[in-house]
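Participant: One structure, pasted below without further comment.
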Amino acid sequence: MRRAPRALAVSLLLVLPACVSHAPPVGPTLSKSDARLVRYLESPDRARWQKPEEVVRALHLIEAQTVTDLGAGSGYFSRRFAAAVGPRGVVDAADVDRELLGYLESTLDARQHANVIPRPVAADDPALAPASADWVFLCDTYHQLSDRVSYLRKLAPGLKPEGRVAIVDFHKREDILEGPPFAEKVERETVIREFHEAGYELDREEDFLPYQYFLVFRRAPAHSFDLLARAISEVMSSGAGDRQEQWQVAALLSQYLQGQTLEAKFQCPNPALPVTTYLLHTDPDGRFSIAALVFQPHARTTVHDHQSWVVWGTYTGQERETRYLRTDLAGNRFPRLTPEWSQVFGAGDVSFIDPPPRDVHDVENVTDSVSVSLHVHATDIAKQARNSYDVKRRIVKSFVQSYEPAM
């Protein structure tokens with residue numbers, strides 16, 4: 001990522017010789033152009049306008065995160081990221097210039113920077129592992145990319161669901177002498193437009209850098225429930241207790257049911273099934289799942305349990321939930337199921353299902369048309385075995401939920 005700025009480094013060396021004189025010495029293994037670039041990148045004068053410590057603080061990095069520093073160069077930011085994410089974190093220091101990566105590797109402290117991994121990449125592909133990066137950081141690198149929209153699209157699969165991309169680059173202004181030549185600078189508005197075209201949205205912007213814009217992007221929602229999933233993810237990582245998590249998830253689900261439009265393809269029942277289930281989202285760490293249940297008129301689920309807490313709400317129609325008290329009887333394989341209460345929920349209404357043993361219920365569509373409800377489970381329901389209670393045959397069956405593809 002650092003080939004293009006060599007001319008920039010040379011020009012700045014001519015303008016700012018004092019910066020060079022105070023830069024750290026560069027070993028003989030680098031070419032002259034890369035040596036000049038390292039002196040510029042590591043120059044103490046750069047810190048006055050680059051404000052690296054403030055930049056790192058503004059990212060709000062936390063322990064054990066993974067940061068990909070695209071265009072890591074001499075490791076100016078990579079070394080700082082290493083301290084911010086701690087020994088359990090990873091700094092993926094990627095660059096197209098193998099000489100610079102060699103220099104970076106030679107300057108890493110074995111104890112302080114053991115989590116920094118230099119990695120060569122091609123100029124047109126970041127080559128990130130799927131869902132591997134909490135942050136992708138590009139400082140003074142974005143303007144060097146050739147087909148930027150294509151590059152950003154290749155970048156997206158490497159982000160975790162809550163992953164962000166931070167862009168720090170120079171304003172395209174004649175009065176800013178730092179950075180690449182004016183013709184090579186990229187306007188802030190162009191960056192935002194290109195990210196939108198590639199399927200991202202602007203998350204926030206920092207304005208404390210004198211010569212550069214500082215933009216943070218995230219992937220734009222592909223479905224109406226993506227923002228709900230992001231918000232639930234934050235709740236599930238907050239460390240709150242089960243009941244507090246339930247209340248917060250219930251509030252989020254209620255907002256969605258009242259203000260969002262679920263895609264039509266997730267409201268279509270399979271004609272062969274009384275109840276069609278679509279798995280809308282599964283948290284990568286298995287902390288929660290979101291499913292849509294589509295009921296044929298007057299269809300009813302079997303009596304079943306959940307093995308976790310659940311928050312569910314009606315999206316369209318009216319659905320009756322009946323809750324049961326399970327009592328295991330000595331010498332009897334089938335438990336006693338005593339109805340505790342029953343209630344009809346209309347569009348926008350939300351219900352709680354407590355963890356075992358108070359997690360046994362059934363749900364029925366009480367209307368003459370299709371009804372739809374959304375269910376948030378505090379587990380990965382694609383892997384969680386549950387019990388179905390056949391009341392007529394007095395049989396308990398273990399099952400793992402199957403899901404329909406979107407129609």
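Identifiers in the structure tokens: chain A, B, ... in order shown; residue index from 1 per chain; ligand index from 1 in order shown.
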If you run DSSP on the backbone here, which positions in stretch 104-235 of chain A get strand (DSSP E or B)? Please write them as a PyMOL selection string.
Facilitator: chain A and resi 116-120+122+125+133-139+159-170+200-206+212-219
Participant: For N, CA and C atoms, I'd like the residues from the last selection saved as a short mmCIF file (atom, residue, chain, number, x, y, z; two decimals), in the first residue's frame.
Facilitator:
```
data_model
loop_
_atom_site.label_atom_id
_atom_site.label_comp_id
_atom_site.auth_asym_id
_atom_site.auth_seq_id
_atom_site.Cartn_x
_atom_site.Cartn_y
_atom_site.Cartn_z
N VAL A 116 1.42 -8.40 16.71
CA VAL A 116 1.45 -7.77 15.39
C VAL A 116 1.95 -8.78 14.37
N ILE A 117 1.16 -9.01 13.34
CA ILE A 117 1.50 -10.01 12.33
C ILE A 117 1.65 -9.32 10.97
N PRO A 118 2.87 -9.06 10.50
CA PRO A 118 3.05 -8.48 9.16
C PRO A 118 2.56 -9.44 8.09
N ARG A 119 1.86 -8.89 7.08
CA ARG A 119 1.28 -9.75 6.04
C ARG A 119 1.32 -9.05 4.69
N PRO A 120 1.97 -9.67 3.70
CA PRO A 120 1.95 -9.07 2.36
C PRO A 120 0.60 -9.30 1.68
N ALA A 122 -1.87 -8.23 -2.06
CA ALA A 122 -1.88 -7.68 -3.41
C ALA A 122 -2.51 -6.30 -3.39
N ASP A 125 -6.51 -6.59 -3.60
CA ASP A 125 -7.29 -7.52 -2.78
C ASP A 125 -6.74 -7.56 -1.36
N ALA A 133 -12.24 -9.45 11.05
CA ALA A 133 -11.75 -8.15 11.52
C ALA A 133 -12.84 -7.37 12.25
N ASP A 134 -12.49 -6.91 13.45
CA ASP A 134 -13.35 -5.95 14.15
C ASP A 134 -13.20 -4.56 13.54
N TRP A 135 -11.95 -4.25 13.13
CA TRP A 135 -11.64 -2.95 12.52
C TRP A 135 -10.72 -3.15 11.33
N VAL A 136 -10.99 -2.40 10.29
CA VAL A 136 -10.04 -2.24 9.19
C VAL A 136 -9.69 -0.76 9.13
N PHE A 137 -8.41 -0.48 9.15
CA PHE A 137 -7.92 0.89 9.27
C PHE A 137 -7.05 1.22 8.07
N LEU A 138 -7.36 2.32 7.40
CA LEU A 138 -6.56 2.79 6.27
C LEU A 138 -6.20 4.25 6.51
N CYS A 139 -4.92 4.50 6.79
CA CYS A 139 -4.45 5.87 6.99
C CYS A 139 -3.56 6.26 5.81
N LEU A 159 -15.18 -8.42 7.37
CA LEU A 159 -15.61 -7.74 8.59
C LEU A 159 -16.50 -8.63 9.43
N LYS A 160 -16.34 -8.55 10.74
CA LYS A 160 -17.30 -9.17 11.63
C LYS A 160 -18.63 -8.42 11.53
N PRO A 161 -19.73 -9.00 12.03
CA PRO A 161 -21.03 -8.32 11.89
C PRO A 161 -21.03 -6.89 12.41
N GLU A 162 -20.28 -6.63 13.48
CA GLU A 162 -20.21 -5.27 14.02
C GLU A 162 -18.94 -4.56 13.58
N GLY A 163 -18.26 -5.10 12.58
CA GLY A 163 -16.99 -4.54 12.14
C GLY A 163 -17.13 -3.16 11.52
N ARG A 164 -16.06 -2.39 11.60
CA ARG A 164 -16.04 -1.04 11.07
C ARG A 164 -14.79 -0.84 10.20
N VAL A 165 -14.89 0.10 9.28
CA VAL A 165 -13.76 0.51 8.45
C VAL A 165 -13.50 1.98 8.72
N ALA A 166 -12.27 2.31 9.10
CA ALA A 166 -11.89 3.70 9.39
C ALA A 166 -10.97 4.20 8.27
N ILE A 167 -11.31 5.36 7.74
CA ILE A 167 -10.53 5.99 6.67
C ILE A 167 -9.99 7.32 7.19
N VAL A 168 -8.67 7.45 7.18
CA VAL A 168 -8.02 8.73 7.48
C VAL A 168 -7.21 9.09 6.24
N ASP A 169 -7.55 10.20 5.60
CA ASP A 169 -6.82 10.62 4.41
C ASP A 169 -6.93 12.14 4.25
N PHE A 170 -6.16 12.67 3.32
CA PHE A 170 -6.00 14.12 3.22
C PHE A 170 -7.15 14.79 2.47
N TYR A 200 -21.82 0.21 1.97
CA TYR A 200 -21.55 0.65 3.34
C TYR A 200 -22.37 1.90 3.64
N GLU A 201 -22.38 2.26 4.92
CA GLU A 201 -22.98 3.52 5.33
C GLU A 201 -22.05 4.21 6.33
N LEU A 202 -22.11 5.54 6.35
CA LEU A 202 -21.27 6.30 7.28
C LEU A 202 -21.79 6.12 8.69
N ASP A 203 -20.94 5.65 9.57
CA ASP A 203 -21.31 5.42 10.97
C ASP A 203 -21.08 6.66 11.81
N ARG A 204 -19.92 7.30 11.65
CA ARG A 204 -19.61 8.54 12.37
C ARG A 204 -18.40 9.19 11.73
N GLU A 205 -18.12 10.43 12.18
CA GLU A 205 -17.01 11.19 11.64
C GLU A 205 -16.33 11.97 12.76
N GLU A 206 -14.99 11.96 12.77
CA GLU A 206 -14.22 12.75 13.72
C GLU A 206 -13.63 13.96 12.99
N GLN A 212 -6.72 16.20 7.58
CA GLN A 212 -7.32 14.95 7.11
C GLN A 212 -8.76 14.79 7.58
N TYR A 213 -9.55 14.08 6.80
CA TYR A 213 -10.85 13.63 7.26
C TYR A 213 -10.67 12.28 7.94
N PHE A 214 -11.58 11.97 8.85
CA PHE A 214 -11.53 10.74 9.64
C PHE A 214 -12.96 10.18 9.62
N LEU A 215 -13.19 9.20 8.77
CA LEU A 215 -14.52 8.65 8.54
C LEU A 215 -14.58 7.20 8.99
N VAL A 216 -15.68 6.82 9.63
CA VAL A 216 -15.89 5.44 10.08
C VAL A 216 -17.14 4.90 9.39
N PHE A 217 -16.99 3.76 8.73
CA PHE A 217 -18.10 3.15 7.98
C PHE A 217 -18.42 1.78 8.54
N ARG A 218 -19.64 1.36 8.29
CA ARG A 218 -20.06 -0.01 8.56
C ARG A 218 -20.89 -0.48 7.36
N ARG A 219 -21.06 -1.77 7.27
CA ARG A 219 -21.85 -2.30 6.16
C ARG A 219 -23.30 -1.87 6.30
#
```
Participant: What's the 12 Å shell around stretch 328-333 of chain A, counting only C-alpha atoms, without same-chain residues fewer than 6 positions away, as JSON, numbers by chain?
Facilitator: {"A": [357, 389, 390, 393, 394, 395, 396, 397]}
Participant: Within stretch 188-282 of chain A, find each residue whose DSSP state, derived from the backbone, is helix (DSSP H, G or I), and express the selection as a ChimeraX atom specification.
Facilitator: /A:188-197,226-236,242-259,264-266
Participant: Give me, as a Markdown table, the closest atom pair and its distance (Å, one decimal) for every residue of stretch 162-280 of chain A within a cut-off of 12 Å of stretch 312-319 of chain A, counting only C-alpha atoms, rows sorted by chain and rising number.
Facilitator:
```
| residue | atom | partner | partner_atom | distance |
| --- | --- | --- | --- | --- |
| A:Gln246 | CA | A:Trp312 | CA | 10.3 |
| A:Trp247 | CA | A:Trp312 | CA | 11.6 |
| A:Val249 | CA | A:Trp312 | CA | 9.5 |
| A:Ala250 | CA | A:Trp312 | CA | 7.8 |
| A:Ala251 | CA | A:Gly313 | CA | 10.7 |
| A:Leu252 | CA | A:Gly313 | CA | 10.8 |
| A:Leu253 | CA | A:Gly313 | CA | 7.2 |
| A:Ser254 | CA | A:Gly313 | CA | 7.3 |
| A:Gln255 | CA | A:Gly313 | CA | 10.6 |
| A:Tyr256 | CA | A:Tyr315 | CA | 9.0 |
| A:Leu257 | CA | A:Tyr315 | CA | 5.6 |
| A:Gln258 | CA | A:Tyr315 | CA | 8.1 |
| A:Gly259 | CA | A:Tyr315 | CA | 10.4 |
| A:Gln260 | CA | A:Tyr315 | CA | 9.7 |
| A:Thr261 | CA | A:Tyr315 | CA | 9.2 |
| A:Leu262 | CA | A:Tyr315 | CA | 8.4 |
| A:Glu263 | CA | A:Tyr315 | CA | 11.6 |
| A:Ala264 | CA | A:Thr316 | CA | 11.9 |
| A:Phe266 | CA | A:Tyr315 | CA | 11.4 |
| A:Gln267 | CA | A:Thr316 | CA | 9.3 |
```
Participant: Would you please work out which residue, of A:Leu59, A:Ala183, A:Ala220, A:Ala292, is nearest to A:Ala156 when using only C-alpha atoms?
Facilitator: A:Ala220
Participant: Looking at A:Ala123, A:Ala272, A:Val56, A:Leu152, which one is nearest to A:Ala198, with distances taken over only C-alpha atoms?
Facilitator: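 Smallest separation from A:Ala198 among the options: A:Leu152.
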Participant: Would you kindly return, as a PyMOL selection string, each protein, DNA or RNA residue with an atom no farther than 7 Å from any atom of stretch 141-150 of chain A, considering only C-alpha atoms and excluding same-chain residues fewer than 3 positions away?
Facilitator: chain A and resi 1+4+71+138+153-154+169+184-186+194-195+197-198
Participant: Any idea what's packed within 7 Å of stretch 375-378 of chain A, counting only C-alpha atoms, ignoring anything in its chain fewer than 6 positions away? Could you give it as an mmCIF file with N, CA and C atoms, in the first residue's frame?
Facilitator:
```cif
data_model
loop_
_atom_site.group_PDB
_atom_site.id
_atom_site.type_symbol
_atom_site.label_atom_id
_atom_site.label_comp_id
_atom_site.auth_asym_id
_atom_site.auth_seq_id
_atom_site.Cartn_x
_atom_site.Cartn_y
_atom_site.Cartn_z
ATOM 1 N N ARG A 287 -24.646 -16.499 20.504
ATOM 2 C CA ARG A 287 -25.315 -15.908 21.664
ATOM 3 C C ARG A 287 -26.813 -15.746 21.476
ATOM 4 N N PHE A 288 -27.257 -15.590 20.225
ATOM 5 C CA PHE A 288 -28.690 -15.418 19.998
ATOM 6 C C PHE A 288 -29.018 -15.724 18.538
ATOM 7 N N SER A 289 -30.308 -15.935 18.286
ATOM 8 C CA SER A 289 -30.826 -16.138 16.937
ATOM 9 C C SER A 289 -32.125 -15.361 16.798
ATOM 10 N N ILE A 290 -32.454 -14.978 15.567
ATOM 11 C CA ILE A 290 -33.733 -14.336 15.264
ATOM 12 C C ILE A 290 -34.422 -15.174 14.200
ATOM 13 N N ALA A 291 -35.669 -15.555 14.460
ATOM 14 C CA ALA A 291 -36.425 -16.363 13.502
ATOM 15 C C ALA A 291 -37.783 -15.728 13.251
ATOM 16 N N ALA A 292 -38.303 -15.923 12.048
ATOM 17 C CA ALA A 292 -39.667 -15.516 11.716
ATOM 18 C C ALA A 292 -40.513 -16.769 11.561
ATOM 19 N N SER A 308 -33.725 -22.174 26.626
ATOM 20 C CA SER A 308 -33.120 -20.848 26.787
ATOM 21 C C SER A 308 -34.258 -19.857 26.966
ATOM 22 N N TRP A 309 -33.919 -18.610 27.321
ATOM 23 C CA TRP A 309 -34.981 -17.606 27.333
ATOM 24 C C TRP A 309 -35.250 -17.135 25.910
ATOM 25 N N VAL A 310 -36.489 -16.692 25.693
ATOM 26 C CA VAL A 310 -36.932 -16.243 24.376
ATOM 27 C C VAL A 310 -37.774 -14.989 24.551
ATOM 28 N N VAL A 311 -37.633 -14.056 23.627
ATOM 29 C CA VAL A 311 -38.550 -12.926 23.521
ATOM 30 C C VAL A 311 -39.177 -12.993 22.133
ATOM 31 N N TRP A 312 -40.497 -12.971 22.057
ATOM 32 C CA TRP A 312 -41.144 -13.047 20.752
ATOM 33 C C TRP A 312 -42.264 -12.028 20.675
ATOM 34 N N GLY A 313 -42.622 -11.655 19.446
ATOM 35 C CA GLY A 313 -43.693 -10.692 19.264
ATOM 36 C C GLY A 313 -44.389 -10.893 17.935
#
```
